[in-house]
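Raw entry.cif, mmCIF, C-alpha atoms and all ligand atoms:
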data_target
#
loop_
_atom_site.group_PDB
_atom_site.id
_atom_site.type_symbol
_atom_site.label_atom_id
_atom_site.label_comp_id
_atom_site.auth_asym_id
_atom_site.auth_seq_id
_atom_site.Cartn_x
_atom_site.Cartn_y
_atom_site.Cartn_z
ATOM 1 C CA MET A 10 -36.935 -43.914 3.289
ATOM 2 C CA LYS A 11 -33.148 -43.757 3.285
ATOM 3 C CA ARG A 12 -31.162 -42.610 6.289
ATOM 4 C CA GLN A 13 -30.624 -38.835 6.103
ATOM 5 C CA LYS A 14 -27.679 -38.159 8.400
ATOM 6 C CA TYR A 15 -24.958 -39.934 6.461
ATOM 7 C CA ILE A 16 -21.579 -38.249 5.988
ATOM 8 C CA SER A 17 -20.540 -36.561 2.759
ATOM 9 C CA TRP A 18 -17.726 -37.810 0.538
ATOM 10 C CA ASP A 19 -15.497 -35.022 1.862
ATOM 11 C CA GLU A 20 -16.222 -35.978 5.465
ATOM 12 C CA TYR A 21 -15.599 -39.617 4.657
ATOM 13 C CA PHE A 22 -12.235 -39.113 2.937
ATOM 14 C CA ILE A 23 -10.911 -36.517 5.365
ATOM 15 C CA GLY A 24 -12.081 -38.824 8.140
ATOM 16 C CA VAL A 25 -9.891 -41.585 6.696
ATOM 17 C CA ALA A 26 -6.970 -39.134 6.569
ATOM 18 C CA GLN A 27 -7.592 -38.149 10.194
ATOM 19 C CA LEU A 28 -7.818 -41.754 11.288
ATOM 20 C CA SER A 29 -4.519 -42.476 9.517
ATOM 21 C CA ALA A 30 -2.889 -39.540 11.330
ATOM 22 C CA LEU A 31 -3.681 -41.228 14.628
ATOM 23 C CA ARG A 32 -1.059 -43.873 13.732
ATOM 24 C CA SER A 33 1.698 -41.239 13.732
ATOM 25 C CA LYS A 34 4.294 -41.356 16.526
ATOM 26 C CA ASP A 35 5.241 -37.705 16.010
ATOM 27 C CA PRO A 36 4.515 -35.984 19.332
ATOM 28 C CA SER A 37 3.977 -32.533 17.830
ATOM 29 C CA THR A 38 2.308 -32.911 14.434
ATOM 30 C CA GLN A 39 0.370 -35.945 13.231
ATOM 31 C CA VAL A 40 -0.479 -35.882 9.532
ATOM 32 C CA GLY A 41 -2.729 -38.203 7.533
ATOM 33 C CA ALA A 42 -3.347 -38.415 3.786
ATOM 34 C CA CYS A 43 -5.892 -40.237 1.645
ATOM 35 C CA ILE A 44 -5.750 -40.370 -2.168
ATOM 36 C CA VAL A 45 -9.058 -40.783 -3.972
ATOM 37 C CA ASN A 46 -9.499 -41.424 -7.681
ATOM 38 C CA THR A 47 -12.214 -40.058 -9.974
ATOM 39 C CA ASP A 48 -14.388 -43.113 -9.222
ATOM 40 C CA LYS A 49 -14.343 -42.093 -5.526
ATOM 41 C CA ARG A 50 -12.175 -45.087 -4.707
ATOM 42 C CA ILE A 51 -9.476 -44.774 -2.047
ATOM 43 C CA ILE A 52 -6.233 -45.758 -3.748
ATOM 44 C CA GLY A 53 -3.653 -44.818 -1.126
ATOM 45 C CA ILE A 54 -3.382 -43.770 2.496
ATOM 46 C CA GLY A 55 -0.462 -42.723 4.679
ATOM 47 C CA TYR A 56 0.731 -40.907 7.761
ATOM 48 C CA ASN A 57 4.022 -39.375 8.815
ATOM 49 C CA GLY A 58 6.334 -42.011 10.150
ATOM 50 C CA LEU A 59 9.763 -43.554 9.936
ATOM 51 C CA PRO A 60 10.861 -45.711 6.992
ATOM 52 C CA SER A 61 10.577 -49.486 7.341
ATOM 53 C CA GLY A 62 13.287 -50.911 9.541
ATOM 54 C CA CYS A 63 13.839 -47.651 11.423
ATOM 55 C CA GLU A 64 12.478 -48.323 14.877
ATOM 56 C CA ASP A 65 10.226 -45.670 16.398
ATOM 57 C CA ASP A 66 11.976 -46.014 19.753
ATOM 58 C CA GLU A 67 15.492 -45.769 18.346
ATOM 59 C CA PHE A 68 15.176 -42.561 16.353
ATOM 60 C CA PRO A 69 14.696 -39.046 17.706
ATOM 61 C CA TRP A 70 11.321 -37.291 17.727
ATOM 62 C CA GLU A 71 12.673 -33.924 18.825
ATOM 63 C CA ARG A 72 12.084 -30.816 16.744
ATOM 64 C CA GLU A 73 15.317 -29.193 17.864
ATOM 65 C CA ASN A 74 18.680 -30.415 19.001
ATOM 66 C CA LYS A 75 22.361 -29.570 18.737
ATOM 67 C CA SER A 76 22.558 -31.395 15.445
ATOM 68 C CA ILE A 77 19.794 -31.963 12.893
ATOM 69 C CA VAL A 78 20.866 -35.622 12.971
ATOM 70 C CA ASP A 79 19.340 -35.781 16.439
ATOM 71 C CA THR A 80 15.977 -34.413 15.325
ATOM 72 C CA LYS A 81 13.131 -36.168 13.515
ATOM 73 C CA TYR A 82 13.447 -34.132 10.334
ATOM 74 C CA PRO A 83 15.985 -36.178 8.362
ATOM 75 C CA TYR A 84 14.084 -39.412 8.988
ATOM 76 C CA VAL A 85 10.331 -38.933 8.839
ATOM 77 C CA VAL A 86 8.535 -39.950 5.635
ATOM 78 C CA HIS A 87 5.729 -37.465 5.134
ATOM 79 C CA ALA A 88 2.122 -38.598 5.044
ATOM 80 C CA GLU A 89 1.605 -37.589 1.410
ATOM 81 C CA ALA A 90 4.761 -39.409 0.315
ATOM 82 C CA ASN A 91 3.614 -42.560 2.104
ATOM 83 C CA ALA A 92 0.149 -42.305 0.535
ATOM 84 C CA ILE A 93 1.662 -41.945 -2.949
ATOM 85 C CA LEU A 94 4.106 -44.807 -2.352
ATOM 86 C CA ASN A 95 1.260 -46.974 -1.030
ATOM 87 C CA ALA A 96 -1.038 -46.223 -3.977
ATOM 88 C CA THR A 97 -2.514 -49.344 -5.502
ATOM 89 C CA ARG A 98 -3.809 -47.669 -8.680
ATOM 90 C CA GLU A 99 -2.892 -44.923 -11.112
ATOM 91 C CA THR A 100 -2.772 -41.600 -9.236
ATOM 92 C CA LYS A 101 -3.248 -39.394 -12.320
ATOM 93 C CA GLY A 102 -6.290 -37.137 -11.979
ATOM 94 C CA SER A 103 -6.938 -38.066 -8.368
ATOM 95 C CA SER A 104 -7.518 -35.936 -5.250
ATOM 96 C CA ILE A 105 -5.502 -36.003 -2.062
ATOM 97 C CA TYR A 106 -7.167 -35.358 1.302
ATOM 98 C CA VAL A 107 -4.643 -34.204 3.897
ATOM 99 C CA THR A 108 -4.904 -33.011 7.471
ATOM 100 C CA LEU A 109 -2.111 -30.456 6.877
ATOM 101 C CA PHE A 110 -1.386 -28.470 3.715
ATOM 102 C CA PRO A 111 1.509 -30.237 1.914
ATOM 103 C CA CYS A 112 5.064 -28.986 2.328
ATOM 104 C CA ASN A 113 7.208 -28.066 -0.688
ATOM 105 C CA GLU A 114 8.739 -31.549 -0.911
ATOM 106 C CA CYS A 115 5.354 -33.267 -0.844
ATOM 107 C CA MET A 116 4.028 -30.764 -3.355
ATOM 108 C CA LYS A 117 6.694 -31.891 -5.841
ATOM 109 C CA LEU A 118 5.608 -35.516 -5.376
ATOM 110 C CA ILE A 119 1.932 -34.577 -5.709
ATOM 111 C CA ILE A 120 2.610 -32.736 -8.955
ATOM 112 C CA GLN A 121 4.749 -35.525 -10.394
ATOM 113 C CA SER A 122 2.164 -38.164 -9.539
ATOM 114 C CA GLY A 123 -0.535 -36.310 -11.484
ATOM 115 C CA ILE A 124 -2.784 -35.507 -8.518
ATOM 116 C CA LYS A 125 -5.110 -32.689 -9.530
ATOM 117 C CA GLU A 126 -6.817 -31.600 -6.320
ATOM 118 C CA ILE A 127 -5.687 -30.984 -2.743
ATOM 119 C CA VAL A 128 -8.293 -30.932 0.024
ATOM 120 C CA TYR A 129 -6.825 -29.944 3.364
ATOM 121 C CA VAL A 130 -7.776 -28.977 6.891
ATOM 122 C CA SER A 131 -4.923 -27.077 8.539
ATOM 123 C CA ASP A 132 -2.474 -24.651 6.997
ATOM 124 C CA LYS A 133 -0.636 -23.828 10.191
ATOM 125 C CA TYR A 134 2.637 -23.217 8.331
ATOM 126 C CA SER A 135 1.129 -20.816 5.795
ATOM 127 C CA GLU A 136 3.414 -17.967 6.846
ATOM 128 C CA THR A 137 6.619 -19.866 6.114
ATOM 129 C CA ASP A 138 8.744 -19.448 2.991
ATOM 130 C CA LEU A 139 8.571 -23.165 2.186
ATOM 131 C CA HIS A 140 4.780 -23.033 2.273
ATOM 132 C CA LYS A 141 4.935 -20.129 -0.172
ATOM 133 C CA ALA A 142 7.175 -22.218 -2.437
ATOM 134 C CA ALA A 143 4.720 -25.134 -2.221
ATOM 135 C CA PHE A 144 1.835 -22.825 -3.100
ATOM 136 C CA LYS A 145 3.714 -21.350 -6.052
ATOM 137 C CA MET A 146 4.395 -24.821 -7.490
ATOM 138 C CA MET A 147 0.800 -25.894 -6.935
ATOM 139 C CA LYS A 148 -0.534 -22.898 -8.861
ATOM 140 C CA ALA A 149 1.986 -23.373 -11.684
ATOM 141 C CA ALA A 150 0.928 -27.015 -12.001
ATOM 142 C CA ASN A 151 -2.779 -26.077 -12.144
ATOM 143 C CA ILE A 152 -3.704 -28.129 -9.117
ATOM 144 C CA SER A 153 -6.933 -27.019 -7.478
ATOM 145 C CA TYR A 154 -7.192 -26.721 -3.725
ATOM 146 C CA ARG A 155 -9.758 -26.155 -1.049
ATOM 147 C CA GLN A 156 -9.702 -25.989 2.711
ATOM 148 C CA ILE A 157 -12.416 -27.804 4.612
ATOM 149 C CA ASN A 158 -13.519 -27.874 8.206
ATOM 150 C CA ALA A 159 -13.275 -31.263 9.741
ATOM 151 C CA SER A 160 -14.396 -32.570 13.073
ATOM 152 C CA GLU A 161 -11.651 -32.679 15.593
ATOM 153 C CA VAL A 162 -10.180 -36.144 15.465
ATOM 154 C CA VAL A 163 -6.790 -34.627 14.642
ATOM 155 C CA LYS A 164 -6.660 -30.899 14.256
ATOM 156 C CA ASN A 165 -3.003 -30.034 13.520
ATOM 157 C CA ASP A 166 -3.334 -26.504 14.932
HETATM 158 O O1 LIG A 201 3.753 -32.058 4.053
HETATM 159 C C1 LIG A 201 3.995 -32.475 5.199
HETATM 160 C C2 LIG A 201 4.642 -31.698 6.154
HETATM 161 C C3 LIG A 201 4.988 -32.249 7.343
HETATM 162 N N1 LIG A 201 4.691 -33.542 7.614
HETATM 163 C C4 LIG A 201 5.107 -34.127 8.882
HETATM 164 C C5 LIG A 201 6.594 -34.184 9.086
HETATM 165 C C6 LIG A 201 6.742 -34.100 10.574
HETATM 166 O O2 LIG A 201 6.594 -35.402 11.134
HETATM 167 C C7 LIG A 201 5.554 -33.233 10.988
HETATM 168 C C8 LIG A 201 5.922 -31.772 11.174
HETATM 169 O O3 LIG A 201 6.489 -31.606 12.425
HETATM 170 P P1 LIG A 201 6.572 -30.175 13.137
HETATM 171 O O4 LIG A 201 6.952 -30.507 14.550
HETATM 172 O O5 LIG A 201 5.224 -29.526 13.045
HETATM 173 O O6 LIG A 201 7.626 -29.392 12.412
HETATM 174 O O7 LIG A 201 4.621 -33.311 9.936
HETATM 175 C C9 LIG A 201 3.997 -34.300 6.707
HETATM 176 O O8 LIG A 201 3.697 -35.493 6.952
HETATM 177 N N2 LIG A 201 3.648 -33.739 5.528
HETATM 178 ZN ZN ZN A 202 5.757 -32.930 3.174
#

What does this structure look like when you write it as structure tokens?
Ligand SMILES: O=c1ccn([C@H]2C[C@H](O)[C@@H](COP(=O)(O)O)O2)c(=O)[nH]1
Ligand SMILES: [Zn+2]
Amino acid sequence: MKRQKYISWDEYFIGVAQLSALRSKDPSTQVGACIVNTDKRIIGIGYNGLPSGCEDDEFPWERENKSIVDTKYPYVVHAEANAILNATRETKGSSIYVTLFPCNECMKLIIQSGIKEIVYVSDKYSETDLHKAAFKMMKAANISYRQINASEVVKND
């Protein structure tokens, strides 16, 4: 008889996203993303981090400072963007598993890359205007979405 307590596809793919998030150097929010095609093949993974050549120890990780130049925000490549850039196959029609609901900038990339489903864990920024903008674009582009509970490797709350 086959083993009964194996994990579901959702648990598997969100688990990969959570594992990827553990690579992030961001002290406040670690995000992981995993793109899965219609054959249930992982075609791209990513986490939030600096672009190649930008050393983790030489750039700021602060959220606030006198100038935005001395915060992380101008530099960090978002997890979804990295997953899309890393994709090894056609992303059209695929799903993206993310530990945090995508921001407005990532939503534009998700739409333009033809991803059709977003599966996410946390939506801790759901009250912000930029989240509302992301949601509006997602609905307009007919992308489906669902929030799932995931075990607490990385929670993002
Ligand atoms: O869609 C998203 C939104 C955010 N991120 C990354 C970018 C930053 O490294 C953190 C957010 O930091 P806060 O301190 O919570 O503002 O998350 C992402 O990868 N994808
Ligand atoms: Zn983003």

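Those protein and nucleic acid residues that have any atom within 8 Å of ligand ZN 202 (chain A) are, using only C-alpha atoms and all ligand atoms, Val86, His87, Ala88, Glu89, Ala90, Pro111, Cys112, Asn113, Glu114, Cys115 and Met116 of chain A.
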
One decimal, in Å: what's the spacing between atom CA of A:Trp70 and atom CA of A:Lys117?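 So the answer is 24.6 Å.
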
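Using all atoms listed in the file, the protein and nucleic acid residues lying no more than 12 Å from A:Asn46, apart from those fewer than 3 places from it along its own chain, are Phe22, Cys43, Lys49, Arg50, Ile51, Ile52, Gly53, Ala96, Thr97, Arg98, Glu99, Thr100, Lys101, Gly102, Ser103, Ser104, Ile105, Tyr106, Gly123, Ile124, Lys125 and Glu126 of chain A.
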
Once you count all atoms listed in the file, which residues end up within 9 Å of ligand LIG 201 (chain A), and could you hand them over as a short mmCIF file (atom, residue, chain, number, x, y, z; two decimals) with C-alpha atoms, in the coordinates of the input?
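What landed in result-v2.cif:
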data_model
loop_
_atom_site.label_atom_id
_atom_site.label_comp_id
_atom_site.auth_asym_id
_atom_site.auth_seq_id
_atom_site.Cartn_x
_atom_site.Cartn_y
_atom_site.Cartn_z
CA ALA A 30 -2.89 -39.54 11.33
CA SER A 33 1.70 -41.24 13.73
CA LYS A 34 4.29 -41.36 16.53
CA ASP A 35 5.24 -37.70 16.01
CA PRO A 36 4.51 -35.98 19.33
CA SER A 37 3.98 -32.53 17.83
CA THR A 38 2.31 -32.91 14.43
CA GLN A 39 0.37 -35.94 13.23
CA VAL A 40 -0.48 -35.88 9.53
CA GLY A 41 -2.73 -38.20 7.53
CA ALA A 42 -3.35 -38.42 3.79
CA GLY A 55 -0.46 -42.72 4.68
CA TYR A 56 0.73 -40.91 7.76
CA ASN A 57 4.02 -39.38 8.82
CA GLY A 58 6.33 -42.01 10.15
CA LEU A 59 9.76 -43.55 9.94
CA TRP A 70 11.32 -37.29 17.73
CA GLU A 71 12.67 -33.92 18.82
CA ARG A 72 12.08 -30.82 16.74
CA LYS A 81 13.13 -36.17 13.52
CA TYR A 82 13.45 -34.13 10.33
CA TYR A 84 14.08 -39.41 8.99
CA VAL A 85 10.33 -38.93 8.84
CA VAL A 86 8.54 -39.95 5.64
CA HIS A 87 5.73 -37.47 5.13
CA ALA A 88 2.12 -38.60 5.04
CA GLU A 89 1.60 -37.59 1.41
CA ALA A 90 4.76 -39.41 0.32
CA ASN A 91 3.61 -42.56 2.10
CA VAL A 107 -4.64 -34.20 3.90
CA THR A 108 -4.90 -33.01 7.47
CA LEU A 109 -2.11 -30.46 6.88
CA PHE A 110 -1.39 -28.47 3.72
CA PRO A 111 1.51 -30.24 1.91
CA CYS A 112 5.06 -28.99 2.33
CA ASN A 113 7.21 -28.07 -0.69
CA GLU A 114 8.74 -31.55 -0.91
CA CYS A 115 5.35 -33.27 -0.84
CA MET A 116 4.03 -30.76 -3.36
CA LYS A 133 -0.64 -23.83 10.19
CA TYR A 134 2.64 -23.22 8.33
CA ASN A 165 -3.00 -30.03 13.52
#

From the options A:Leu31, A:Asn158, A:Ile119, A:Thr80, which residue's atoms come nearest to A:Ala143, counting all atoms listed in the file?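 Distance minimum relative to A:Ala143 lands on A:Ile119.
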
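With distances restricted to all atoms listed in the file, A:Val128 is the closest residue to A:Ile157 from A:Ile93, A:Ala142, A:Val128, A:Leu118.
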
What gap, in Å, lies between atom CA of A:Val25 and atom CA of A:Ile152? 21.7 Å

Would you compute the distance between atom CA of A:Met146 and atom CA of A:Trp18? Give it in Å to one decimal.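 Pair atom CA of A:Met146 / atom CA of A:Trp18 returns 26.9 Å.
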
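If all atoms listed in the file are the atoms counted, then among A:Ile23, A:Ile77, A:Ile127, A:Ala92 the closest residue to A:Ile54 is A:Ala92.
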
Extending 8 Å beyond the listed atoms of stretch 138-151 of chain A on each side, what axis-aligned box results? I want centre and edge lengths in Å to one decimal, as AutoDock Vina command-line options.
--center_x 3.0 --center_y -23.2 --center_z -4.6 --size_x 27.5 --size_y 23.6 --size_z 31.1
